[in-house]
Amino acid sequence: MRDTRYARIMVLKTEPFILNIGPVHPSTHGVFRMRTTLDGEVVVDVEPVFGYLHRGIEKLAEERTYTGVIPLTDRLDYVASMSNNLAYCLAVEKLAGISVPERAEYLRVILAELQRIASHLIAVGAFLNDCGAFFTPFLYMFREREKIVDLFEMVSGQRLLYNYMRIGGFNQDVPDEFLPALDKLLAQMPRFIEEYERLLKENEILLARAKGVGILPKEVAINISASGPVLRASGVKWDIRKKDPYSIYDRFDFDIPTGEVGDCYDRYRVRVEEMRQSLRIINQARRQLPAGEVKSEVPHLVRPPAGEAYAHIEAPKGELGFHLVSDNSIAPYRCHIRAPSLLNLTALRDMAIGWKVADLIIIFGSIDIVMGEIDR
Amino acid sequence: MILNSSLNSIAYSSTLPPDWPGGFWWHWLLFTVIIIVFALTLVMGFIWIERRGMGRMQARLGPNQAGPFGLLQPVADALKILLKEDIIPAKADRIVHWLAPVVAFAPALMIFAVVPFGDGAMLADLDIGILYVVAIASISAIGIFMAGWGSSNKYSMLGAMRGIASVVSYEIPVVLAIAGVVLVAGSMSLNQIVLAQDIPFILLQPLGFLLFFIGGCAEINRSPFDLMEADSELTAGFHTEYSGMKFAMFYLMEYAEAVAISAIIATLFLGGWRGPLLPPWLWFVLKVIFVFFIMVWTRTTLPRVRIDQLMALAWKFLFPLALINLIVTAIQILVWPDALPWILVPINLAIMALLILLWSKLFKLGWGRVEV
Amino acid sequence: MTVALSGKEIATKIEERFPGSVVKSSPDSLVVKSEFLLDVATFLKTTPDLDFDYLTAITAIDYYDRFEVVYQLTSIKHNHSLMVKTHCYGRDNLSLPSVVGLWRGADFQEREIYDLMGISFDGHPNMKRIVLWEGFEGHPLRKDYGT
Amino acid sequence: MKFERYGIGIAKGLRVTIRHLFRHPVTVQYPEQRLNISRRTRGNELIWDKVKCTGCATCAKSCPQGAIQIVTSTSMEENKYEVEQIEVDTGYCISCGLCVEACPFEALYMGYAYERAKYRRGEVVQANEQLLPSPQRQRSGYMYPKIADELPRQTLLIERITEEK
């Protein structure tokens, strides 16, 4: 009698419990909910729940003119609006067979790469913030991003939702003060990236926290359709800018940084390296930038022939694709958006199980998602 | 200046014969007032230092609107927080929820009873002063666990569990590090320890200082060990469900503990109130602020460790080093009781460097993934 | 450059293996019968010289008389792509075989199509609404929604 | 956690932060200190040129949000086509600037201003005379390079903070 009673008391039995991380939580990067089952601190199961930011952009696009959809695309990945504009414009141009003037192509590359730097700065800053570095890297990164956003504000007039690219080019040429400012930025940027590298790259605590955590093996990464830095950190050399060059990316010389094991640290490193590569591309494009028109002759209301087209770009978060179906009217018949964040999110469960809550947060941070793109 | 003169008079009065009529009570009253004023002022100062200092390190200004240089910002915060509604969650354990901030806050103030602000200028010159500090400092953990349990919130619970785990593990290296100091000083009274520091013990006990600093940071949950309120993981940890005055108590507790640990470090390792030219209390305050600034600095820079890494750091890294430190100190005291301190300083520094190198090579902390 | 494989060529290969499975083929896409979808997908993924290991995107288009589900396939190894389509007739209780077993990247996208277009996928482990809440009526991306 | 590098990485990070302590902060004190915004700012309010406007309603058609409403009339005796009512619901406006781009008669401008919060919901809807330019309602250079040249130069962070203290 006595023995069994004691045995019952002595056996430490833990019971898994469910913790809702989000939808309002400092590090879910928006309104995202992770329904986690925890055994103590250990994550047993994660189920991503989203849809809190669903605005029905795909449906709204069906009721607007082709040009009128551009402001909507701004609101997808709202930290990388230029890239969204670019992807959408490429899709419409492909559908309607519109060519883009040379200068506009170069400017598009410059702006898209600046946008990649800006987006990666946020991604890296937020990731380090999730690791617990109390806002310091985040604010440093924001300072650099601010310089880029200043340029975007100069060309487009707004700081977040640029709505600058148009079907067939741009709505207006960049102002005269843009290029000197860009040169200044290009001169300063490498030094600042170096500085941030010094801040935490070799930090022992960060290495302990991020190295080997949340490994996404190569095969799994391909199988779950991961893209962008998440895929490349797993060691897959897949960059649409190189593999399927859109716009004029085949004219530039740059490398595709890849990771080795696909852990959080690799994803962080890949993003930082990509910033450097982007700077290389911008430098080349800046040197080759021709003068001339920035918009080809495009009717006010674009009316592409009936058909469908899928255009994809390497957005900062991954492969951003627009699948447009036209019925020869002034509005798209169907506009499907292949959102990189959504598909990268599939990897969360694989990566997080077995790790602690703290790791779940940084694994989630390392995927770098934006809710505007997931929920659409 | 008023404080200075009153402190001097206290120092004088404490040397009065114990049968001086009412001496004890006057002493008690004055020092209670001084401690509360000192602790709360310094807490406000620390909040200001932390917010401004961190702001500047993060390339921004920090609060600068309330008062000159934003000095009154803590006051403004306190006023705001006092006016806030006190929310108690429906399923909370009301008594525990109510009691927790008090239990957590009071010990942080009680620590100051044995901290000397000048020669003998302290509320109670306990012969076991340092044991008292260790004992009292751990009580806060109970308040934190009460908060975590009483709020019936899973975040709070996780945070409280982490808090308890870290306090329990870090108590041991901290106490062992203190033991080294006690051996060198030959007394447990904080005042005697300060008097024994002809050269600051940070030089005689460099390893002890490092261990105590890391352990102390972990015990009061300063970054990089701020696991129990881990902003990016547990929203606010144990005080997620607190608002209004109760939250203010926790907030004050956090900084009062930081003041306390800084004061203890200053007393044990940096020579307390001793120093040339300036009055003793000013030396003491400057040293406390210096120690706290290092805490702010590390908080600004470092990421947070994980809970298993925190535990491993305590048990695999700090604990053996603290033991070795204690043994080495004991041997030194036994073998060369009259050795000149200036000879021991380089020896101890060399021992510290060697041990840290060795332990860095030997031990891997944390084990990472768990199969589920 | 990612080579978009000709739908016609692939169609003949598929026809050899699964006679009667291809409905229509054009240079840029091919349409397979929905009952053969899973077989064709397996074939496309496992055949060494095709090796479509990467599912880029799935989308569904409502043409009133039918739903067209489009699979964008890519091979990372050979760097070529293919657009495979399948049709789904009717308006109610539509279903298609799920390809989650082959490409787990289809997980969220199939749920999204179920949510917004109302095509359910058999064999999907977690077929429920993804962006809208449980209990939402209708499927908003359908052309007749709200009219 | 393995301290293979004996804390060198930590020391490097600490150096970066302490150096920032002696640099100029980047932020500005907003209500007191104001930076010049972009010359092409798409401010929250549309500015309407009554003289040039022909009432063609291209802006209304190009607005993706349907925030612009124009009522025109033809007064028979003078055979003149004029705008009777133009109404912009700035609550719906997303400041995309497509209307300004579309206007074939240069009669519509974006506003060069921010801080356009209103106390009443009704004030959000602006009509006719409220849309005309005034000293408080300057025109922005969005799509109008000539106006842009007259506006003050935008403050850029790269130019503002270059020196290290």
# chains A, B, ... in the order shown; residues from 1 in each chain; ligands from 1
call {"tool": "interface_residues", "arguments": {"of": "chain D", "to": "chain A", "cutoff": "9 Å", "atoms": "only C-alpha atoms", "output": "PyMOL selection string"}}
result
chain D and resi 1-17+26-27+37-43+62-65+94-98+101-102+141-143+145+154-159
call {"tool": "residues_around", "arguments": {"residues": "segment 262-278 of chain B", "least_positions_apart": "3", "cutoff": "10 Å", "atoms": "only C-alpha atoms", "output": "PyMOL selection string"}}
result
chain B and resi 111-112+114-119+121+130+133+178+181-182+185+190-191+193-206+208-209+212-213+216-217+256-259+281-295
call {"tool": "closest_residue", "arguments": {"among": "A:Val92, A:Ile361, A:Gly212, A:Asp368", "to": "Arg33 of chain A", "atoms": "only C-alpha atoms"}}
result
A:Ile361
call {"tool": "residues_around", "arguments": {"residues": "Thr12 of chain C", "least_positions_apart": "2", "cutoff": "12 Å", "atoms": "only C-alpha atoms", "output": "ChimeraX atom specification"}}
result
/C:6-10,14-26,30,32
call {"tool": "residues_around", "arguments": {"residues": "segment 47-50 of chain C", "least_positions_apart": "6", "cutoff": "9 Å", "atoms": "only C-alpha atoms", "output": "ChimeraX atom specification"}}
result
/C:75,78,80
call {"tool": "write_last_selection", "arguments": {"atoms": "N, CA and C atoms", "output": "PDB file, in the first residue's frame"}}
result
ATOM      1  N   SER C  75      11.727  22.191 -61.760  1.00  0.00           N
ATOM      2  CA  SER C  75      12.766  21.261 -61.359  1.00  0.00           C
ATOM      3  C   SER C  75      14.005  22.060 -61.001  1.00  0.00           C
ATOM      4  N   HIS C  78      17.118  20.358 -62.971  1.00  0.00           N
ATOM      5  CA  HIS C  78      17.298  20.601 -64.400  1.00  0.00           C
ATOM      6  C   HIS C  78      16.953  22.017 -64.799  1.00  0.00           C
ATOM      7  N   HIS C  80      13.971  23.496 -65.217  1.00  0.00           N
ATOM      8  CA  HIS C  80      12.889  23.698 -66.171  1.00  0.00           C
ATOM      9  C   HIS C  80      11.558  23.695 -65.447  1.00  0.00           C
TER      10      HIS C  80
END
call {"tool": "interface_residues", "arguments": {"of": "chain A", "to": "chain B", "cutoff": "6 Å", "atoms": "only C-alpha atoms", "output": "VMD selection string"}}
result
chain A and resid 26 to 27 130 to 134 136 354 to 355 358
call {"tool": "interface_residues", "arguments": {"of": "chain C", "to": "chain A", "cutoff": "9 Å", "atoms": "only C-alpha atoms", "output": "NGL selection string"}}
result
:C and (1-3 or 53-62 or 72 or 76 or 79 or 102-109 or 130-133 or 140-142)
call {"tool": "residues_around", "arguments": {"residues": "Leu334 of chain B", "least_positions_apart": "6", "cutoff": "12 Å", "atoms": "only C-alpha atoms", "output": "PyMOL selection string"}}
result
chain B and resi 183-184+327-328
call {"tool": "atom_distance", "arguments": {"atom1": "atom CA of Thr58 of chain D", "atom2": "atom CA of Met110 of chain D"}}
result
15.5 Å
call {"tool": "residues_around", "arguments": {"residues": "Glu82 of chain D", "least_positions_apart": "2", "cutoff": "7 Å", "atoms": "only C-alpha atoms", "output": "NGL selection string"}}
result
:D and (54-55 or 72-74 or 80 or 84)
call {"tool": "residues_around", "arguments": {"residues": "Lys52 of chain D", "least_positions_apart": "3", "cutoff": "8 Å", "atoms": "only C-alpha atoms", "output": "number ranges by chain"}}
result
D: 49, 105-107
call {"tool": "atom_distance", "arguments": {"atom1": "atom CA of Phe247 of chain B", "atom2": "atom CA of Leu131 of chain B"}}
result
29.4 Å
call {"tool": "atom_distance", "arguments": {"atom1": "atom CA of Leu46 of chain D", "atom2": "atom CA of Val88 of chain D"}}
result
7.8 Å
call {"tool": "select_by_dssp", "arguments": {"residues": "segment 54-165 of chain D", "states": "strand (DSSP E)", "output": "number ranges by chain"}}
result
D: 68-75, 80-89, 108-110, 125-127
call {"tool": "select_by_dssp", "arguments": {"residues": "segment 210-252 of chain B", "states": "alpha helix (DSSP H)", "output": "list in words"}}
result
Leu210, Leu211, Phe212, Phe213, Ile214, Gly215, Gly216, Cys217, Ala218, Glu219, Asp231, Ser232, Glu233, Leu234, Gly244, Met245, Lys246, Phe247, Ala248, Met249, Phe250, Tyr251 and Leu252 of chain B
call {"tool": "closest_residue", "arguments": {"among": "B:Arg56, B:His27, B:Arg51, B:Lys84", "to": "chain D", "atoms": "only C-alpha atoms"}}
result
B:Arg56
